[in-house]
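Just start.tsv here, TSV, C-alpha atoms:
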chain	number	residue	atom	x	y	z
M	30	MET	CA	-124.09	-49.23	-89.34
M	31	THR	CA	-127.66	-47.88	-89.44
M	32	LEU	CA	-129.19	-46.23	-92.49
M	33	ARG	CA	-129.20	-42.87	-90.71
M	34	LYS	CA	-125.48	-43.14	-89.92
M	35	LEU	CA	-124.79	-44.12	-93.51
M	36	ALA	CA	-126.70	-41.05	-94.69
M	37	PHE	CA	-124.69	-38.91	-92.27
M	38	VAL	CA	-121.37	-40.26	-93.63
M	39	ALA	CA	-122.52	-39.91	-97.24
M	40	PHE	CA	-123.61	-36.30	-96.65
M	41	THR	CA	-120.26	-35.39	-95.04
M	42	CYS	CA	-118.21	-37.15	-97.72
M	43	CYS	CA	-120.25	-35.48	-100.47
M	44	LEU	CA	-119.44	-32.03	-99.08
M	45	THR	CA	-115.75	-32.90	-98.74
M	46	CYS	CA	-115.49	-34.29	-102.27
M	47	SER	CA	-117.29	-31.32	-103.80
M	48	GLY	CA	-114.85	-28.89	-102.22
M	49	GLU	CA	-117.55	-27.13	-100.22
M	50	ALA	CA	-117.04	-26.05	-96.64
M	51	PRO	CA	-117.69	-28.83	-94.10
M	52	ALA	CA	-121.16	-29.14	-92.68
M	53	SER	CA	-122.04	-27.07	-89.63
M	54	ARG	CA	-124.08	-28.21	-86.66
M	55	ALA	CA	-127.35	-26.31	-86.37
M	56	ARG	CA	-130.50	-26.56	-84.31
M	57	VAL	CA	-134.05	-25.27	-84.25
M	58	VAL	CA	-137.10	-25.53	-82.00
M	59	VAL	CA	-140.17	-26.86	-83.82
M	60	THR	CA	-143.75	-26.94	-82.55
M	61	SER	CA	-146.22	-29.75	-83.06
M	62	GLY	CA	-149.78	-28.61	-82.47
M	63	HIS	CA	-153.42	-29.26	-83.31
M	64	SER	CA	-153.21	-33.03	-83.30
M	65	TYR	CA	-156.96	-33.21	-82.50
M	66	SER	CA	-156.45	-36.15	-80.17
M	67	PRO	CA	-156.55	-36.41	-76.36
M	68	GLN	CA	-152.91	-37.50	-76.28
M	69	PRO	CA	-150.62	-35.66	-78.72
M	70	PRO	CA	-148.39	-38.06	-80.69
M	71	VAL	CA	-144.69	-38.27	-79.89
M	72	LEU	CA	-142.48	-37.40	-82.84
M	73	THR	CA	-139.36	-39.35	-83.82
M	74	LYS	CA	-136.52	-38.42	-86.18
M	75	ASP	CA	-138.11	-40.59	-88.87
M	76	ASP	CA	-141.20	-38.35	-88.82
M	77	LEU	CA	-139.24	-35.29	-89.93
M	78	THR	CA	-137.44	-34.21	-93.09
M	79	VAL	CA	-135.05	-31.26	-93.01
M	80	THR	CA	-134.00	-29.71	-96.32
M	81	GLN	CA	-131.74	-26.87	-97.40
M	82	GLY	CA	-132.54	-25.94	-100.97
M	83	SER	CA	-132.91	-29.33	-102.66
M	84	GLU	CA	-130.56	-31.10	-100.25
M	85	THR	CA	-131.97	-33.38	-97.52
M	86	LEU	CA	-130.02	-32.82	-94.32
M	87	PRO	CA	-129.16	-35.49	-91.73
M	88	ILE	CA	-130.95	-35.08	-88.40
M	89	THR	CA	-128.50	-35.85	-85.60
M	90	ASN	CA	-130.89	-35.55	-82.66
M	91	LEU	CA	-134.52	-34.89	-81.76
M	92	ILE	CA	-135.18	-33.87	-78.17
M	93	PRO	CA	-138.72	-33.46	-76.73
M	94	MET	CA	-138.79	-30.26	-74.66
M	95	ARG	CA	-140.33	-31.98	-71.66
M	96	GLY	CA	-139.27	-33.10	-68.21
M	97	GLU	CA	-135.70	-32.02	-67.55
M	98	ARG	CA	-135.57	-30.30	-70.97
M	99	ALA	CA	-138.78	-28.31	-70.50
M	100	ARG	CA	-137.13	-25.11	-69.27
M	101	LEU	CA	-138.64	-22.07	-70.98
M	102	GLU	CA	-138.29	-18.30	-70.63
M	103	LEU	CA	-141.44	-16.44	-71.64
M	104	PHE	CA	-141.68	-12.64	-71.91
M	105	LEU	CA	-145.01	-10.80	-72.07
M	106	LEU	CA	-144.44	-7.66	-74.12
M	107	VAL	CA	-147.39	-5.26	-73.83
M	108	ASP	CA	-147.84	-2.26	-76.11
M	109	ASN	CA	-149.14	0.52	-73.85
M	110	CYS	CA	-151.14	2.11	-76.69
M	111	SER	CA	-153.24	-1.08	-77.03
M	112	ASN	CA	-155.69	0.04	-74.37
M	113	CYS	CA	-159.18	-0.75	-75.70
M	114	GLU	CA	-161.20	-2.22	-72.78
M	115	PRO	CA	-158.36	-4.43	-71.53
M	116	GLY	CA	-159.72	-5.18	-68.03
M	117	PRO	CA	-161.21	-8.71	-68.34
M	118	LYS	CA	-158.58	-9.69	-70.90
M	119	PHE	CA	-155.77	-8.90	-68.50
M	120	GLN	CA	-157.43	-11.08	-65.91
M	121	GLU	CA	-157.16	-13.85	-68.50
M	122	LEU	CA	-153.47	-13.00	-68.97
M	123	ARG	CA	-152.92	-13.26	-65.21
M	124	ARG	CA	-154.56	-16.69	-65.18
M	125	PHE	CA	-152.40	-17.68	-68.14
M	126	ILE	CA	-149.24	-16.72	-66.23
M	127	GLY	CA	-150.41	-18.57	-63.13
M	128	SER	CA	-151.17	-21.70	-65.16
M	129	GLN	CA	-147.65	-22.03	-66.55
M	130	PRO	CA	-145.59	-24.99	-65.31
M	131	SER	CA	-142.81	-24.48	-62.77
M	132	THR	CA	-140.24	-24.96	-65.57
M	133	THR	CA	-141.43	-21.72	-67.22
M	134	ALA	CA	-139.92	-18.42	-66.08
M	135	VAL	CA	-142.15	-15.45	-66.96
M	136	GLY	CA	-141.03	-11.87	-67.53
M	137	VAL	CA	-143.07	-8.71	-68.17
M	138	ALA	CA	-142.12	-5.74	-70.34
M	139	TYR	CA	-143.99	-2.73	-71.75
M	140	ILE	CA	-143.65	-0.40	-74.71
M	141	ARG	CA	-144.25	3.06	-73.27
M	142	ASP	CA	-143.89	6.33	-75.19
M	143	GLY	CA	-141.56	4.71	-77.67
M	144	LYS	CA	-139.35	3.08	-75.07
M	145	LEU	CA	-138.98	-0.47	-73.84
M	146	ALA	CA	-139.51	-0.89	-70.09
M	147	VAL	CA	-138.70	-4.27	-68.51
M	148	LEU	CA	-140.72	-4.50	-65.30
M	149	GLU	CA	-139.81	-8.07	-64.37
M	150	SER	CA	-137.09	-10.29	-65.81
M	151	PRO	CA	-138.09	-13.92	-66.41
M	152	THR	CA	-138.74	-15.49	-63.02
M	153	PRO	CA	-140.08	-18.88	-61.90
M	154	ASP	CA	-142.09	-16.96	-59.28
M	155	HIS	CA	-145.22	-16.46	-61.34
M	156	GLN	CA	-146.83	-14.26	-58.69
M	157	LEU	CA	-144.05	-11.70	-59.18
M	158	ALA	CA	-144.83	-11.62	-62.89
M	159	ILE	CA	-148.56	-11.32	-62.23
M	160	ARG	CA	-147.96	-8.34	-59.92
M	161	ALA	CA	-145.84	-6.66	-62.59
M	162	LEU	CA	-148.68	-6.85	-65.11
M	163	SER	CA	-150.80	-3.69	-65.25
M	164	LEU	CA	-153.45	-2.40	-67.62
M	165	PRO	CA	-152.16	-0.40	-70.61
M	166	GLU	CA	-153.16	3.23	-70.18
M	167	GLY	CA	-152.69	4.43	-73.73
M	168	GLY	CA	-150.02	6.80	-74.91
M	169	LYS	CA	-147.75	7.71	-77.77
M	170	PRO	CA	-147.88	5.03	-80.50
M	171	SER	CA	-144.45	3.61	-81.27
M	172	ASN	CA	-142.87	0.86	-83.31
M	173	PRO	CA	-143.55	-2.45	-81.51
M	174	PHE	CA	-141.05	-4.36	-83.63
M	175	SER	CA	-138.17	-2.10	-82.67
M	176	ALA	CA	-139.06	-2.73	-79.02
M	177	PHE	CA	-139.28	-6.48	-79.71
M	178	LYS	CA	-135.77	-6.40	-81.17
M	179	GLU	CA	-134.46	-4.36	-78.24
M	180	LEU	CA	-135.96	-6.88	-75.81
M	181	ILE	CA	-134.19	-9.72	-77.64
M	182	GLU	CA	-130.85	-7.93	-77.67
M	183	GLY	CA	-131.01	-7.31	-73.93
M	184	TRP	CA	-132.15	-10.84	-73.05
M	185	ARG	CA	-129.54	-12.61	-70.95
M	186	GLY	CA	-131.38	-15.88	-70.35
M	187	LYS	CA	-129.78	-19.24	-71.11
M	188	ALA	CA	-132.89	-21.40	-71.52
M	189	SER	CA	-133.14	-23.72	-74.53
M	190	ARG	CA	-136.46	-22.10	-75.40
M	191	ARG	CA	-137.24	-18.39	-75.45
M	192	VAL	CA	-140.68	-17.06	-76.36
M	193	VAL	CA	-142.26	-13.60	-76.51
M	194	LEU	CA	-146.02	-13.09	-76.29
M	195	MET	CA	-146.67	-9.60	-77.64
M	196	ILE	CA	-149.95	-7.73	-77.12
M	197	SER	CA	-150.06	-4.99	-79.75
M	198	ASN	CA	-151.88	-3.55	-82.74
M	199	GLY	CA	-148.75	-4.12	-84.83
M	200	ILE	CA	-148.80	-0.58	-86.26
M	201	ALA	CA	-145.36	0.99	-86.72
M	202	PRO	CA	-145.73	4.79	-87.02
M	203	GLY	CA	-143.36	6.51	-89.43
M	204	GLU	CA	-142.70	3.54	-91.68
M	205	ALA	CA	-142.35	4.64	-95.30
M	206	SER	CA	-144.32	1.62	-96.55
M	207	GLU	CA	-147.12	-0.32	-94.93
M	208	SER	CA	-146.19	-3.51	-96.81
M	209	GLU	CA	-142.39	-3.39	-96.46
M	210	SER	CA	-140.79	-2.52	-93.15
M	211	ALA	CA	-137.09	-2.41	-92.37
M	212	SER	CA	-137.81	-2.59	-88.64
M	213	VAL	CA	-139.91	-5.73	-89.11
M	214	GLU	CA	-137.24	-7.51	-91.17
M	215	SER	CA	-134.55	-6.48	-88.68
M	216	ALA	CA	-136.64	-7.82	-85.78
M	217	ILE	CA	-137.21	-11.13	-87.61
M	218	ALA	CA	-133.48	-11.61	-88.22
M	219	ALA	CA	-132.67	-10.79	-84.58
M	220	ALA	CA	-135.27	-13.30	-83.34
M	221	GLN	CA	-134.05	-16.04	-85.69
M	222	ARG	CA	-130.43	-15.55	-84.60
M	223	ALA	CA	-131.38	-15.57	-80.92
M	224	GLU	CA	-133.81	-18.51	-81.37
M	225	VAL	CA	-136.76	-16.50	-80.06
M	226	THR	CA	-140.31	-17.40	-81.10
M	227	LEU	CA	-143.00	-14.71	-81.26
M	228	TYR	CA	-146.67	-15.24	-80.47
M	229	ALA	CA	-148.73	-12.12	-81.08
M	230	ILE	CA	-152.24	-11.17	-80.01
M	231	TYR	CA	-153.74	-8.19	-81.77
M	232	HIS	CA	-155.26	-5.63	-79.44
M	233	PRO	CA	-156.10	-2.11	-80.65
M	234	SER	CA	-155.97	1.33	-79.12
M	235	ALA	CA	-159.18	2.83	-77.76
M	236	ASP	CA	-159.57	5.04	-80.85
M	237	TYR	CA	-159.20	2.18	-83.35
M	238	GLN	CA	-162.55	3.03	-84.98
M	239	ASN	CA	-161.04	6.34	-86.09
M	240	THR	CA	-157.93	4.66	-87.50
M	241	ASN	CA	-157.59	4.08	-91.23
M	242	TYR	CA	-158.47	0.43	-91.79
M	243	SER	CA	-155.50	-0.07	-94.10
M	244	ARG	CA	-153.20	0.79	-91.17
M	245	ILE	CA	-154.97	-1.73	-88.93
M	246	ASP	CA	-154.79	-4.39	-91.64
M	247	SER	CA	-151.10	-3.66	-92.19
M	248	GLY	CA	-150.41	-4.01	-88.47
M	249	GLN	CA	-152.13	-7.40	-88.37
M	250	VAL	CA	-150.24	-8.55	-91.45
M	251	GLN	CA	-146.92	-7.56	-89.89
M	252	LEU	CA	-147.76	-9.36	-86.63
M	253	SER	CA	-148.54	-12.49	-88.65
M	254	HIS	CA	-145.38	-12.08	-90.70
M	255	VAL	CA	-143.03	-11.86	-87.71
M	256	ALA	CA	-144.80	-14.69	-85.88
M	257	ALA	CA	-144.71	-17.05	-88.87
M	258	GLU	CA	-141.07	-16.29	-89.69
M	259	THR	CA	-140.02	-17.12	-86.13
M	260	GLY	CA	-142.12	-20.28	-85.80
M	261	GLY	CA	-144.99	-18.77	-83.80
M	262	GLU	CA	-148.53	-17.60	-84.53
M	263	ALA	CA	-150.60	-14.40	-84.52
M	264	TYR	CA	-154.22	-14.13	-83.39
M	265	PHE	CA	-156.92	-11.68	-84.52
M	266	LEU	CA	-160.46	-11.79	-85.88
M	267	GLY	CA	-160.88	-8.30	-87.35
M	268	PRO	CA	-160.20	-4.66	-86.48
M	269	ALA	CA	-162.00	-4.87	-83.11
M	270	PRO	CA	-160.40	-6.36	-79.99
M	271	LEU	CA	-160.84	-10.08	-79.47
M	272	PRO	CA	-163.91	-10.82	-77.31
M	273	SER	CA	-161.73	-13.08	-75.14
M	274	LEU	CA	-158.06	-14.02	-75.05
M	275	ALA	CA	-158.68	-17.31	-73.24
M	276	PRO	CA	-159.00	-19.67	-76.26
M	277	PHE	CA	-155.92	-18.18	-77.90
M	278	LEU	CA	-153.88	-18.33	-74.70
M	279	ALA	CA	-154.92	-21.98	-74.39
M	280	ASP	CA	-153.71	-22.54	-77.96
M	281	ILE	CA	-150.33	-21.00	-77.09
M	282	SER	CA	-150.07	-23.22	-74.00
M	283	GLU	CA	-150.74	-26.27	-76.18
M	284	HIS	CA	-147.99	-25.21	-78.57
M	285	LEU	CA	-145.47	-24.68	-75.77
M	286	ALA	CA	-146.23	-28.13	-74.35
M	287	ASN	CA	-145.45	-29.83	-77.69
M	288	GLN	CA	-142.08	-28.55	-78.79
M	289	TYR	CA	-138.94	-30.35	-79.92
M	290	LEU	CA	-135.33	-29.36	-80.38
M	291	VAL	CA	-134.13	-30.61	-83.78
M	292	GLU	CA	-130.37	-30.85	-84.24
M	293	PHE	CA	-129.00	-31.36	-87.76
M	294	LEU	CA	-126.09	-30.71	-90.12
M	295	ALA	CA	-126.36	-27.91	-92.67
M	296	GLN	CA	-124.17	-26.23	-95.23
M	297	PRO	CA	-123.05	-22.73	-94.13
M	298	GLY	CA	-123.35	-19.91	-96.65
M	299	GLU	CA	-122.35	-16.28	-97.01
M	300	GLU	CA	-125.02	-15.33	-94.49
M	301	ASP	CA	-125.34	-16.90	-91.04
M	302	LEU	CA	-129.11	-17.24	-91.46
M	303	GLN	CA	-130.04	-19.98	-93.92
M	304	ALA	CA	-133.45	-20.93	-95.29
M	305	ILE	CA	-134.27	-24.36	-93.86
M	306	SER	CA	-137.48	-26.31	-94.50
M	307	ILE	CA	-138.76	-28.82	-91.94
M	308	LYS	CA	-141.62	-31.10	-92.91
M	309	CYS	CA	-143.51	-33.70	-90.91
M	310	GLN	CA	-144.46	-36.99	-92.57
M	311	ARG	CA	-147.53	-37.25	-90.32
M	312	ASP	CA	-150.74	-35.24	-90.47
M	313	LEU	CA	-149.67	-32.65	-87.93
M	314	ASP	CA	-149.46	-28.86	-87.82
M	315	LEU	CA	-145.69	-28.35	-87.59
M	316	ARG	CA	-144.29	-24.85	-87.08
M	317	ALA	CA	-140.67	-23.77	-87.38
M	318	PRO	CA	-138.73	-20.59	-88.23
M	319	TYR	CA	-138.23	-19.96	-91.93
M	320	LYS	CA	-134.52	-19.30	-91.42
M	321	VAL	CA	-132.11	-20.91	-88.97
M	322	LEU	CA	-128.72	-19.82	-87.63
M	323	VAL	CA	-126.07	-21.95	-89.35
M	324	PRO	CA	-122.65	-21.03	-87.92
M	325	LYS	CA	-119.79	-20.78	-90.34
M	326	THR	CA	-117.15	-23.45	-89.83
M	327	LYS	CA	-113.63	-22.33	-88.99

Please re-express this file's structure in structure tokens.
Amino acid sequence: MTLRKLAFVAFTCCLTCSGEAPASRARVVVTSGHSYSPQPPVLTKDDLTVTQGSETLPITNLIPMRGERARLELFLLVDNCSNCEPGPKFQELRRFIGSQPSTTAVGVAYIRDGKLAVLESPTPDHQLAIRALSLPEGGKPSNPFSAFKELIEGWRGKASRRVVLMISNGIAPGEASESESASVESAIAAAQRAEVTLYAIYHPSADYQNTNYSRIDSGQVQLSHVAAETGGEAYFLGPAPLPSLAPFLADISEHLANQYLVEFLAQPGEEDLQAISIKCQRDLDLRAPYKVLVPKTK
């Protein structure tokens, strides 16, 4: 019997003897990026440590999301109020869509006047997605995180990986607090349960120079918060629009090409979302959601 199998048996026996509920099978997609080498290293189970509280959890499987397992559904979610000189940047978005591998299905949705509008469901025909992409024209600002949650709840895809790339200023009008947002926390929980990763690119409205800077800063903080909590990343350099999206889109492509499905055993709790920490023993930038769906055992 291998050491890993012995650890698995010991973990299960420990839970049984302690009177706790039996361990539940859980899974999470993790991203290995920024290896700074021409050929990214291939991770093994021995490279990772999964913990729940102070307990080290047994990893039952580690699957590279490549080849037959590379299937991905990617939604572009564009906030219509983020309309500051978008022309060249949307050409970069079109090239980004066209550069995606055949295993990636791309969908396009907009936030328009406070409502979510899905223009194209995820399709492997990237030209259809490109044709659905149009320049944001400006309009009534609305909560982008409520639309993000609505998109997740209506998503019927069955791919192992689901990702949203949101173009927005991150500002949620009407929130009582700029630092604490019920809609943001609700969107994070929905994404973690549905195993959806958010990548966010900050892009302001045309009148951003007349917007209170604290509101802009709060929007960027919330974009970063949701992205980090779901295992993704947010991109911005200041209150102005990014000079080019290309380097950040390339970074996202690198992330999506280096993802793994980690399967492990965890202890269910009162809530279905449990705080799980995943660390890499190698010098790599490893990203994962802060909380993972751990089903309750029957």

Pick from M:Leu194, M:Leu302, M:Ala218, M:Ile281 nearest to Val137 (chain M), counting only C-alpha atoms
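Result for the nearest residue to Val137 (chain M): M:Leu194.
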
What's the 10 Å shell around region 171-185 of chain M, counting all atoms listed in the file, without same-chain residues fewer than 3 positions away, as a PyMOL selection string?
chain M and resi 102+104+106-110+138-147+150-151+168+188+191-193+195-204+210-220+222-225+227+248+251-252+255

Counting all atoms listed in the file, write as a VMD selection string all protein and nucleic acid residues lying at most 6 Å from (-130.3, -24.7, -87.8) in the file's frame.
chain M and resid 55 to 57 321 to 323

Gap from CA of Pro93 (chain M) to CA of Leu77 (chain M) - Å, one decimal:
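Separating CA of Pro93 (chain M) from CA of Leu77 (chain M) is a distance of 13.3 Å.
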
Neighbourhood query: residues within 8 Å of (-141.3, -17.5, -68.0), file coordinates, counting only C-alpha atoms; return as a count of residues only.
14

Using only C-alpha atoms, which residue out of M:Tyr228, M:Tyr264, M:Phe119, M:Phe293 lies closest to Leu86 (chain M)?
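Smallest distance to Leu86 (chain M) is found for M:Phe293.
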
Minimum-distance residue to Ser247 (chain M), chosen among M:Glu149, M:Glu209, M:Glu300, M:Glu121 (using only C-alpha atoms):
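Checking each candidate against Ser247 (chain M), we get M:Glu209 as the closest.
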
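Counting only C-alpha atoms, the residue from M:Pro276, M:Gln296, M:Thr326, M:Leu315 that sits nearest to Gln81 (chain M) is M:Gln296.
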
Write out as a list of chain:residue names each polymer residue whose atoms come within 12 Å of Gln120 (chain M), counting only C-alpha atoms; drop sequence neighbours fewer than 3 positions from it.
M:Glu114, M:Pro115, M:Gly116, M:Pro117, M:Arg123, M:Arg124, M:Phe125, M:Ile126, M:Gly127, M:Ile159, M:Arg160, M:Leu162, M:Ser163, M:Leu164, M:Ser273, M:Leu274, M:Ala275, M:Leu278

Extract, using only C-alpha atoms, all DNA, RNA and protein residues at most 10 Å from Gly267 (chain M), discarding same-chain residues fewer than 5 positions from it, and format them as JSON, numbers by chain.
{"M": [231, 245, 246, 249]}

Expressed in Å to a single decimal, how great is the separation between CA of Leu313 (chain M) and CA of Thr226 (chain M)?
19.2 Å

Report, in Å with one decimal, the straight-line distance from CA of Thr80 (chain M) to CA of Glu299 (chain M).
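For CA of Thr80 (chain M) relative to CA of Glu299 (chain M), the distance reads 17.8 Å.
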
Counting all atoms listed in the file, which residue out of M:Ala257, M:Gly62, M:Gly82, M:Cys113 sits closest to Gly298 (chain M)?
M:Gly82

Compile the contact shell of Glu292 (chain M) as a ChimeraX atom specification: residues with an atom at most 10 Å away, counting only C-alpha atoms, same-chain residues fewer than 4 positions apart removed.
/M:54-58,74,79,87-92

Using only C-alpha atoms, please write the residues we just selected to a file, as a PDB file, keeping the file's coordinate frame.
ATOM      1  CA  ARG M  54    -124.080 -28.210 -86.660  1.00  0.00           C
ATOM      2  CA  ALA M  55    -127.350 -26.310 -86.370  1.00  0.00           C
ATOM      3  CA  ARG M  56    -130.500 -26.560 -84.310  1.00  0.00           C
ATOM      4  CA  VAL M  57    -134.050 -25.270 -84.250  1.00  0.00           C
ATOM      5  CA  VAL M  58    -137.100 -25.530 -82.000  1.00  0.00           C
ATOM      6  CA  LYS M  74    -136.520 -38.420 -86.180  1.00  0.00           C
ATOM      7  CA  VAL M  79    -135.050 -31.260 -93.010  1.00  0.00           C
ATOM      8  CA  PRO M  87    -129.160 -35.490 -91.730  1.00  0.00           C
ATOM      9  CA  ILE M  88    -130.950 -35.080 -88.400  1.00  0.00           C
ATOM     10  CA  THR M  89    -128.500 -35.850 -85.600  1.00  0.00           C
ATOM     11  CA  ASN M  90    -130.890 -35.550 -82.660  1.00  0.00           C
ATOM     12  CA  LEU M  91    -134.520 -34.890 -81.760  1.00  0.00           C
ATOM     13  CA  ILE M  92    -135.180 -33.870 -78.170  1.00  0.00           C
TER      14      ILE M  92
END

Counting all atoms listed in the file, which residue out of M:Ala256, M:Met94, M:Gln68, M:Ala269 sits closest to Tyr242 (chain M)?
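Checking each of M:Ala256, M:Met94, M:Gln68, M:Ala269 against Tyr242 (chain M), counting all atoms listed in the file, the winner is M:Ala269.
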